[in-house]
Amino acid sequence: MKKLVIFALSAALVLSMTACACTGGQTVPGNTPTPNPTEAPDPITTDALADIMTAILKDAPVDVDTEESAVDAERFWWFFGIEPIEGAEGYASEAIINAIAHSVALLRVPDGMDAAEIAKQIEEKANPHKWICVEAEKTIVKQRGNVVLLVMSTPDVADAVAQAFDNYQ
């Protein structure tokens with residue numbers, strides 16, 4: 001008898017759950033559609049920043065010797081003009097000679113942070129006059145997914161790097 005009651009209650013529960021489910025193109029308020037599992041994520045959001053940097057600088061007309069490195073909390077402000085963000089990852093390429101205005105920096109913001117807002121802050125606070133006696137001729141800030149690009153350099157370099165960032169795959 002107990003088995004029959006348990007079975008009947010289970011069947012009623014299953015029927016009530018399926019009866020409330022939506023069909024066709026209907027959506028339940030508050031539910032978001034499941035992303036297409038066959039769609040690959042944007043590689044800019046998953047690839048290593050060093051690999052992205054190599055790719056976007058590959059064809060840029062950079063005429064100075066540069067050095068690439070991860071951006072730690074001590075140098076965060078130098079490259080991005082904002083205070084360090086806990087959990088963020090930064091990578092930069094900058095002219096070795098300090099009297100040449102050239103810097104390319106990538107910032108991957110942590111999940112849950114608004115990358116567009118961070119890009120806006122960087123655009124407002126980045127200092128193209130940070131080098132001794134020189135300033136960058138052009139500054140570009142771009143955001144794609146969870147990655148922000150800051151380029152301060154000559155116009156031809158800045159434009160080429162920004163275009164390569166947009167085209168990165």
# chains A, B, ... in the order shown; residues from 1 in each chain; ligands from 1
>>> residues_around(residues="region 37-47 of chain A", least_positions_apart="3", cutoff="9 Å", atoms="only C-alpha atoms", output="PyMOL selection string")
chain A and resi 34+50-52+108+144-147+165+168-169
>>> write_last_selection(atoms="C-alpha atoms", output="tab-separated table (two decimals), in the first residue's frame")
chain	number	residue	atom	x	y	z
A	34	THR	CA	20.50	28.82	-22.39
A	50	ALA	CA	50.58	37.18	-23.71
A	51	ASP	CA	49.28	35.31	-26.76
A	52	ILE	CA	46.80	38.07	-27.55
A	108	ARG	CA	41.26	41.09	-18.18
A	144	ARG	CA	35.81	43.35	-25.95
A	145	GLY	CA	34.23	40.81	-23.64
A	146	ASN	CA	36.15	40.90	-20.37
A	147	VAL	CA	39.33	42.40	-21.90
A	165	PHE	CA	42.47	43.73	-31.36
A	168	TYR	CA	41.63	38.91	-33.07
A	169	GLN	CA	40.35	35.35	-33.43
>>> select_by_dssp(residues="region 41-103 of chain A", states="strand (DSSP E or B)", output="JSON, numbers by chain")
{"A": [66, 67, 68, 69, 70, 71, 89, 90, 91, 92, 93, 94, 95, 103]}
>>> atom_distance(atom1="CA of Gly90 (chain A)", atom2="CA of Lys58 (chain A)")
19.0 Å
>>> closest_residue(among="A:Ile56, A:Thr139, A:Ala162, A:Val148", to="Glu117 (chain A)", atoms="only C-alpha atoms")
A:Val148
>>> residues_around(residues="region 126-136 of chain A", least_positions_apart="6", cutoff="7 Å", atoms="only C-alpha atoms", output="PDB file with C-alpha atoms, in the first residue's frame")
ATOM      1  CA  PHE A  80      46.151  51.699 -16.736  1.00  0.00           C
ATOM      2  CA  GLY A  81      45.881  54.953 -14.759  1.00  0.00           C
ATOM      3  CA  ASN A  98      61.590  55.805 -21.202  1.00  0.00           C
ATOM      4  CA  ALA A  99      61.810  58.863 -23.455  1.00  0.00           C
ATOM      5  CA  ILE A 100      59.701  57.173 -26.148  1.00  0.00           C
ATOM      6  CA  ALA A 101      55.947  57.348 -25.726  1.00  0.00           C
ATOM      7  CA  HIS A 102      54.739  53.845 -26.537  1.00  0.00           C
ATOM      8  CA  MET A 152      49.253  55.023 -26.231  1.00  0.00           C
ATOM      9  CA  SER A 153      51.632  55.531 -29.139  1.00  0.00           C
ATOM     10  CA  THR A 154      51.921  57.114 -32.570  1.00  0.00           C
TER      11      THR A 154
END
>>> closest_residue(among="A:Leu49, A:Ala105, A:Val64, A:Met113", to="Ser93 (chain A)", atoms="only C-alpha atoms")
A:Ala105
>>> closest_residue(among="A:Glu124, A:Asp159, A:Glu89, A:Asp111", to="Ala48 (chain A)", atoms="only C-alpha atoms")
A:Glu89
>>> atom_distance(atom1="CA of Asp72 (chain A)", atom2="CA of Gln163 (chain A)")
26.4 Å
>>> select_by_dssp(residues="region 24-116 of chain A", states="alpha helix (DSSP H)", output="number ranges by chain")
A: 43-46, 49-57, 76-80, 115-116
